Each structure stands twice: as structure tokens, then as C-alpha cells.
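Chemist: Structure incoming, see below.
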Amino acid sequence: MTDIASRGYSNPDVLVSTDWVADNLDTAGIRIVESNEDQLLYPAGHIPGAVQVDWAADLNDQLRRDYLNREGFEALMSRNGITRDTTVIFYGDRNNWWACYAYWVFQLFGHSNAKVMDGGRQKWEQEGRDLVREVPTYDATDYSAPDRNDAPVRAFREDVLAHLEAGGQLVDVRSPQEYSGERLHMPEFPNEGALRGGHIPTAKSIPWARAANPEDGTFKTAAELQDIYLNEQGLAPDGDTIAYCRIGERSSHTWFVLTHLLGFGNVRNYDGSWTEWGNLVNVPIEK
Amino acid sequence: MTHEGIPQPLNELLDEFSFLERGERVDYLIEYADQFVNVPERVATRPYPEERRVKRCESQAYVWAEDHDGGTQKYWFAVENPQGISAKSFCAILDDTVSGASLDEVLRIPGDVVFDIFGKEISMGKGEGLLGILTSVQMFAREAAARPGA
């Protein structure tokens with residue numbers, strides 16, 4: 001894969017390479033954070049010094065369908081030795097899907113001093129780099145977060161309805177089968193199910209993983225991404241955009257791509273996504 | 001958390017898991033993943049045939065069954081994705097607790113065991129893949145049970 005700086009991204013600083021991470025394992029002011037779909041991966045071996053942030057146990061509110069609140073975020077940062085000035089480097093499995101999700105949740109609290117390791121776990125492993133099982137401990141910090149500010153990057157159902165009314169751009173990042181409504185969910189997963197299948201009217205179908213190179217998990221170049229999102233699907237970088245999937249995790253990956261790699265001006269992630277929309281009474285659906 | 005009529009070793013494992021904290025459960029599962037043994041060459045060689053591949057499992061898992069005396073089966077697995085650690089763990093558990101059980105017991109295993117073992121918080125995608133592994137094992141058991149003389 002080409003050098004990150006030469007790939008034409010609008011904000012190349014938001015990515016670091018595996019080489020960079022390997023060279024900065026002991027650099028002060030950096031915290032490496034692993035976030036995975038597979039909860040066994042981190043304990044089975046992780047980048048030396050990395051801590052784990054788990055999407056279900058750490059980022060979600062344990063009672064309401066929502067994210068953690070300010071106090072919860074402060075406590076999470078404190079126990080992982082992160083200060084407001086720490087540069088957080090996210091990486092994880094599945095083309096950094098969950099790493100981007102964690103990155104996005106951190107933005108609800110304005111922790112913009114954050115980057116993603118291009119290629120994630122897959123590339124690090126493929127390069128034969130060190131993975132350790134030792135879980136590091138860091139001195140607790142005194143982290144003072146602002147109140148969670150959802151509006152800039154998160155859309156709720158009323159926002160989606162208003163956005164639809166206004167003719168805004170929508171991106172459905174689920175599989176083509178989910179988009180068409182052919183597939184709802186597995187019977188064993190009622191919690192992630194929906195009563196109706198299909199997609200939000202006018203949404204473009206762009207499965208999230210198209211933004212990544214399957215061979216090493218790195219992001220495609222800006223030109224390749226423009227081919228998909230702009231030329232093929234006709235999205236406009238200066239138009240307001242909302243991305244969604246089933247519960248809002250895959251779409252945070254697309255949110256990251258559109259916002260930071262392609263420089264879209266206003267992208268929000270609708271984390272209610274299909275599990276909310278497909279269960280709402282009397283909202284428009286297209287098949 | 002145990003289930004009636006399923007292989008006894010699996011019930012024993014479920015019983016044990018029900019007393020474990022999340023962190024302990026994770027350690028246990030990793031131990032199983034470390035013990036995972038890939039299908040031997042006498043049973044299958046790469047490239048593994050598509051019909052043995054578990055549908056909807058993104059860890060590229062494959063399942064085989066060998067018929068043993070007494071109408072039981074030994075299950076073999078391959079997990080081709082190096083990051084497929086949950087898949088390896090589950091395959092090792094199935095081999096340890098389900099290989100050698102009666103076909104009837106194998107067929108009674110409910111999909112819920114995936115949650116009993118991995119916890120309710122696993123993602124839908126991960127759960128689907130693991131369920132797919134169990135379903136593949138049960139497909140072999142069902143075929144064997146339907147054979148004349150079985």
C-alpha cells in the first residue's frame with residue numbers, strides 16, 4: 001500500500017501507519033487503544049502497551065440504548081491513563097470497523113486528538129509484529145470531559161426525517177441483502193431485528209467494507225474512494241449526509257471515510273439505524 | 001443454563017461457565033482457542049472444498065465429520081482467518097464436548113449455547129458465524145442419522 005500522505009486524503013493526519021506505531025510504542029503522550037468485534041482478540045494478544053475499549057461493555061450505556069455519559073467517559077479515560085492531551089491511536093479487527101466506532105464515540109466528547117492505525121490488527125499481524133498478552137496498567141488520570149455533544153456527528157430519528165424532507169444524502173452501508181429487505185435478521189438475534197425490511201427512501205447502497213482493501217485492511221486511496229462514493233453513487237462532498245447500518249457501528253466506519261478521508265463537510269451517523277427505522281410506525285420505507 | 005438431552009460434557013462446560021466472571025470466561029475461551037487443532041491432512045487438504053465451508057462465518061471456518069463405531073461422529077474443523085479466535089475457541093469446545101456424543105444428543109443442542117458460552121453481548125455477525133459452525137456440525141449428524149441402518 002502506498003504511503004498515507006500520498007493517497008490524497010483530505011485529512012491524512014487522522015491515520016498513522018503500522019510502522020509509525022511500532023516506532024512510537026514508548027512515546028509519551030500516546031495511548032494505543034484496541035477495539036474489536038471479537039472480544040477474545042485483545043486478551044489473546046495485542047500491541048504492547050495497548051489498552052482495550054470494548055464497544056458493548058465500555059461505550060454503550062448498560063441500561064438505555066445510548067452511549068456512555070460524561071461521567072462514564074471521564075472514568076473510562078481515567079482508568080486507561082488518558083488525558084485531554086493524549087493522542088489516542090485506535091486499531092482493531094475487521095478493517096478497523098470497531099476502531100472507527102470507538103473513534104466516533106470519542107468525538108461525542110470532543111476528543112479530537114485521535115487517529116486510526118491504517119490496516120488495523122490485520123496488517124499488524126500480517127507484518128509479523130509483536131503481540132503480547134500482558135495487560136498494561138497506567139496511572140489514573142484526571143480527565144475532565146465536556147458534556148456529550150451529539151449534534152455535530154450523530155443523527156436521531158427526527159433528524160433523519162427532517163433530513164429526508166430536505167432532500168439530504170443518505171448512505172446505507174449494510175449488505176445488499178439487508179438493503180433490499182430480503183434479509184432481516186437471524187431468528188436467534190431478536191434484539192437486533194426489525195419488523196420491516198428495506199431501506200430509508202433515497203439512500204444509496206454502499207456496503208461499508210468497500211472502503212477498505214481486503215488484502216491488508218488498509219483504506220483505499222482518495223481517488224479509489226471518490227470513484228465509489230462520488231462518481232459511482234453520486235454523493236456530493238458539500239451536501240449534508242447521514243450514514244446508517246443496523247445498529248450504527250458499520251456506519252461509523254463510513255462516517256470516518258467520508259468525513260476525514262474524502263472531506264465531506266457534514267456527515268452524521270444515525271446509530272438508531274435499521275433496528276430503529278425498521279420498527280418505527282409509519283415512517284417511509286423503500287424496497 | 002444447561003439444556004436437557006444434549007451431550008453431557010457440553011452441559012458440564014455450560015454449568016461451569018455459568019459461574020464465571022466475564023474476565024475468567026475470556027481466559028477460559030482463549031485456553032480453548034490455544035488448544036485448537038486444525039483438521040489433519042488425512043481428512044482434508046487445502047484448498048478446502050467450498051461445500052465444507054460454514055456459511056456466514058467470516059472467520060472462514062470449515063467442518064468435517066468422521067463416522068465412528070457406535071453411530072457417533074468425530075468432528076474436525078479448520079479456521080483459515082488468523083483473527084478468527086472465537087471461531088477456533090468454539091470449534092475446540094465442540095470437538096471437546098460434542099465429538100463422540102450420540103447423534104440424537106448432537107441434534108438437540110440449541111443455538112442458545114453460543115450465548116451461554118460467549119455471552120449475550122457478542123455482536124450479531126459474530127453470533128451468526130458461531131451458530132453456523134454448530135449448524136454445520138448438526139447437518140453432519142442429521143445426514144448420518146438419516147442413513148439406512150443408522
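Residues in the C-alpha cells are named by chain (A, B, ... in the order shown) and by number from 1 within that chain; ligands are numbered from 1 in the order shown.
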Near Ala145 (chain A), within 12 Å and counting only C-alpha atoms, which residues show up once chain neighbours fewer than 4 positions away are dropped, as a PDB file with N, CA and C atoms, in the first residue's frame?
Modeler:
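Saved the output as part21.pdb:
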```
ATOM      1  N   ASN A  69     -22.287   8.373  29.329  1.00  0.00           N
ATOM      2  CA  ASN A  69     -22.420   9.815  29.573  1.00  0.00           C
ATOM      3  C   ASN A  69     -21.056  10.413  29.942  1.00  0.00           C
ATOM      4  N   ARG A  70     -21.063  11.693  30.231  1.00  0.00           N
ATOM      5  CA  ARG A  70     -19.804  12.393  30.520  1.00  0.00           C
ATOM      6  C   ARG A  70     -19.034  11.725  31.659  1.00  0.00           C
ATOM      7  N   GLU A  71     -19.732  11.412  32.739  1.00  0.00           N
ATOM      8  CA  GLU A  71     -19.041  10.793  33.876  1.00  0.00           C
ATOM      9  C   GLU A  71     -18.441   9.443  33.485  1.00  0.00           C
ATOM     10  N   GLY A  72     -19.207   8.703  32.700  1.00  0.00           N
ATOM     11  CA  GLY A  72     -18.728   7.388  32.262  1.00  0.00           C
ATOM     12  C   GLY A  72     -17.498   7.529  31.379  1.00  0.00           C
ATOM     13  N   PHE A  73     -17.504   8.528  30.504  1.00  0.00           N
ATOM     14  CA  PHE A  73     -16.368   8.736  29.606  1.00  0.00           C
ATOM     15  C   PHE A  73     -15.143   9.170  30.410  1.00  0.00           C
ATOM     16  N   GLU A  74     -15.367  10.052  31.356  1.00  0.00           N
ATOM     17  CA  GLU A  74     -14.240  10.516  32.190  1.00  0.00           C
ATOM     18  C   GLU A  74     -13.620   9.340  32.939  1.00  0.00           C
ATOM     19  N   ALA A  75     -14.478   8.467  33.457  1.00  0.00           N
ATOM     20  CA  ALA A  75     -13.967   7.314  34.208  1.00  0.00           C
ATOM     21  C   ALA A  75     -13.195   6.365  33.281  1.00  0.00           C
ATOM     22  N   LEU A  76     -13.723   6.185  32.064  1.00  0.00           N
ATOM     23  CA  LEU A  76     -13.050   5.311  31.093  1.00  0.00           C
ATOM     24  C   LEU A  76     -11.669   5.879  30.729  1.00  0.00           C
ATOM     25  N   MET A  77     -11.608   7.184  30.516  1.00  0.00           N
ATOM     26  CA  MET A  77     -10.336   7.814  30.175  1.00  0.00           C
ATOM     27  C   MET A  77      -9.367   7.721  31.352  1.00  0.00           C
ATOM     28  N   SER A  78      -9.888   7.984  32.534  1.00  0.00           N
ATOM     29  CA  SER A  78      -9.042   7.982  33.719  1.00  0.00           C
ATOM     30  C   SER A  78      -8.400   6.616  33.946  1.00  0.00           C
ATOM     31  N   ILE A  82      -5.576   8.173  30.154  1.00  0.00           N
ATOM     32  CA  ILE A  82      -5.674   9.112  29.037  1.00  0.00           C
ATOM     33  C   ILE A  82      -6.027  10.501  29.573  1.00  0.00           C
ATOM     34  N   THR A  83      -5.293  11.508  29.124  1.00  0.00           N
ATOM     35  CA  THR A  83      -5.642  12.882  29.486  1.00  0.00           C
ATOM     36  C   THR A  83      -6.243  13.552  28.255  1.00  0.00           C
ATOM     37  N   ARG A  84      -6.695  14.750  28.436  1.00  0.00           N
ATOM     38  CA  ARG A  84      -7.276  15.513  27.330  1.00  0.00           C
ATOM     39  C   ARG A  84      -6.224  15.753  26.235  1.00  0.00           C
ATOM     40  N   ASP A  85      -4.952  15.723  26.605  1.00  0.00           N
ATOM     41  CA  ASP A  85      -3.874  15.981  25.627  1.00  0.00           C
ATOM     42  C   ASP A  85      -3.309  14.702  25.010  1.00  0.00           C
ATOM     43  N   PHE A 106     -15.693   8.738  20.726  1.00  0.00           N
ATOM     44  CA  PHE A 106     -14.799   9.704  21.378  1.00  0.00           C
ATOM     45  C   PHE A 106     -15.099  11.132  20.894  1.00  0.00           C
ATOM     46  N   GLN A 107     -15.563  11.247  19.640  1.00  0.00           N
ATOM     47  CA  GLN A 107     -15.855  12.592  19.115  1.00  0.00           C
ATOM     48  C   GLN A 107     -17.095  13.193  19.763  1.00  0.00           C
ATOM     49  N   LEU A 108     -17.961  12.360  20.325  1.00  0.00           N
ATOM     50  CA  LEU A 108     -19.130  12.897  21.033  1.00  0.00           C
ATOM     51  C   LEU A 108     -18.675  13.704  22.249  1.00  0.00           C
ATOM     52  N   PHE A 109     -17.452  13.422  22.707  1.00  0.00           N
ATOM     53  CA  PHE A 109     -16.891  14.148  23.847  1.00  0.00           C
ATOM     54  C   PHE A 109     -15.741  15.046  23.405  1.00  0.00           C
ATOM     55  N   GLY A 110     -15.655  15.255  22.117  1.00  0.00           N
ATOM     56  CA  GLY A 110     -14.671  16.192  21.589  1.00  0.00           C
ATOM     57  C   GLY A 110     -13.226  15.769  21.749  1.00  0.00           C
ATOM     58  N   HIS A 111     -12.957  14.455  21.911  1.00  0.00           N
ATOM     59  CA  HIS A 111     -11.549  14.043  21.982  1.00  0.00           C
ATOM     60  C   HIS A 111     -11.005  13.921  20.550  1.00  0.00           C
ATOM     61  N   SER A 112     -10.691  15.088  19.986  1.00  0.00           N
ATOM     62  CA  SER A 112     -10.303  15.116  18.560  1.00  0.00           C
ATOM     63  C   SER A 112      -8.846  14.735  18.361  1.00  0.00           C
ATOM     64  N   ASN A 149     -21.721  16.016  23.243  1.00  0.00           N
ATOM     65  CA  ASN A 149     -22.358  16.857  22.232  1.00  0.00           C
ATOM     66  C   ASN A 149     -22.651  16.005  20.997  1.00  0.00           C
TER      67      ASN A 149
END
```
Chemist: Please check the contacts: residues of chain B at most 7 Å away from chain A, using only C-alpha atoms, listed as an MDAnalysis selection string.
Modeler: chainID B and resid 26 30 85:86 121 123:124
Chemist: Just write the chosen residues, all heavy atoms, as a JSON list (two decimals), in the first residue's frame.
Modeler:
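Result file follows (selection_33.json):
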```
[["chain", "number", "residue", "atom", "x", "y", "z"],
["B", 26, "VAL", "N", -13.36, -15.25, 29.46],
["B", 26, "VAL", "CA", -12.48, -14.92, 28.34],
["B", 26, "VAL", "C", -11.20, -15.75, 28.41],
["B", 26, "VAL", "O", -10.75, -16.33, 27.41],
["B", 26, "VAL", "CB", -12.18, -13.40, 28.33],
["B", 26, "VAL", "CG1", -10.98, -13.09, 27.45],
["B", 26, "VAL", "CG2", -13.41, -12.63, 27.84],
["B", 30, "ILE", "N", -9.91, -18.45, 25.63],
["B", 30, "ILE", "CA", -8.61, -18.35, 24.96],
["B", 30, "ILE", "C", -7.82, -19.64, 25.13],
["B", 30, "ILE", "O", -7.14, -20.10, 24.21],
["B", 30, "ILE", "CB", -7.84, -17.12, 25.46],
["B", 30, "ILE", "CG1", -8.52, -15.86, 24.92],
["B", 30, "ILE", "CG2", -6.38, -17.15, 25.03],
["B", 30, "ILE", "CD1", -8.02, -14.58, 25.51],
["B", 85, "ILE", "N", -10.36, -16.01, 16.32],
["B", 85, "ILE", "CA", -10.05, -16.68, 17.58],
["B", 85, "ILE", "C", -11.30, -17.22, 18.28],
["B", 85, "ILE", "O", -11.28, -18.30, 18.86],
["B", 85, "ILE", "CB", -9.20, -15.78, 18.49],
["B", 85, "ILE", "CG1", -8.78, -16.53, 19.74],
["B", 85, "ILE", "CG2", -9.89, -14.49, 18.83],
["B", 85, "ILE", "CD1", -7.58, -15.97, 20.39],
["B", 86, "SER", "N", -12.42, -16.49, 18.18],
["B", 86, "SER", "CA", -13.65, -17.01, 18.77],
["B", 86, "SER", "C", -14.09, -18.28, 18.04],
["B", 86, "SER", "O", -14.57, -19.23, 18.66],
["B", 86, "SER", "CB", -14.78, -15.98, 18.71],
["B", 86, "SER", "OG", -14.57, -14.97, 19.66],
["B", 121, "GLU", "N", -23.48, -10.37, 24.89],
["B", 121, "GLU", "CA", -23.02, -9.14, 24.28],
["B", 121, "GLU", "C", -22.27, -9.35, 22.97],
["B", 121, "GLU", "O", -21.81, -8.40, 22.37],
["B", 121, "GLU", "CB", -22.16, -8.33, 25.26],
["B", 121, "GLU", "CG", -20.86, -8.98, 25.68],
["B", 121, "GLU", "CD", -21.02, -9.94, 26.86],
["B", 121, "GLU", "OE1", -22.16, -10.35, 27.16],
["B", 121, "GLU", "OE2", -20.00, -10.28, 27.47],
["B", 123, "SER", "N", -21.60, -9.66, 19.11],
["B", 123, "SER", "CA", -22.29, -8.98, 18.02],
["B", 123, "SER", "C", -23.08, -9.99, 17.19],
["B", 123, "SER", "O", -22.82, -11.19, 17.22],
["B", 123, "SER", "CB", -21.28, -8.28, 17.12],
["B", 123, "SER", "OG", -20.60, -9.23, 16.34],
["B", 124, "MET", "N", -24.03, -9.48, 16.47],
["B", 124, "MET", "CA", -24.86, -10.34, 15.65],
["B", 124, "MET", "C", -24.03, -11.09, 14.60],
["B", 124, "MET", "O", -24.21, -12.28, 14.38],
["B", 124, "MET", "CB", -25.92, -9.50, 14.95],
["B", 124, "MET", "CG", -26.77, -10.28, 13.98],
["B", 124, "MET", "SD", -28.29, -9.40, 13.58],
["B", 124, "MET", "CE", -28.53, -9.90, 11.89]]
```
Chemist: Within 7 Å of His253 (chain A), counting only C-alpha atoms, which residues show up once you throw out same-chain ones fewer than 5 positions away? Write them as a ChimeraX atom specification, please.
Modeler: /A:97,100-101,208
Chemist: Okay, now the selection with C-alpha atoms, as a short mmCIF file (atom, residue, chain, number, x, y, z; two decimals), in the first residue's frame?
Modeler:
```cif
data_model
loop_
_atom_site.label_atom_id
_atom_site.label_comp_id
_atom_site.auth_asym_id
_atom_site.auth_seq_id
_atom_site.Cartn_x
_atom_site.Cartn_y
_atom_site.Cartn_z
CA TRP A 97 -14.64 -1.22 11.85
CA CYS A 100 -13.75 3.71 13.83
CA TYR A 101 -16.79 3.20 16.01
CA TRP A 208 -19.05 -0.17 4.37
#
```
Chemist: How many Å separate CA of Ala243 (chain A) from CA of Leu170 (chain A)?
Modeler: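 Rounded to one decimal, the two atoms are 5.8 Å apart.
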Chemist: B:Lys74, B:His68, B:Arg147, B:Arg108: which is nearest Leu94 (chain B), counting only C-alpha atoms?
Modeler: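 Nearest to Leu94 (chain B): B:Lys74.
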Chemist: When you count only C-alpha atoms, which of these residues is closest to Tyr67 (chain A): A:Gly49, A:Glu286, A:Pro146, A:Asp271?
Modeler: A:Asp271
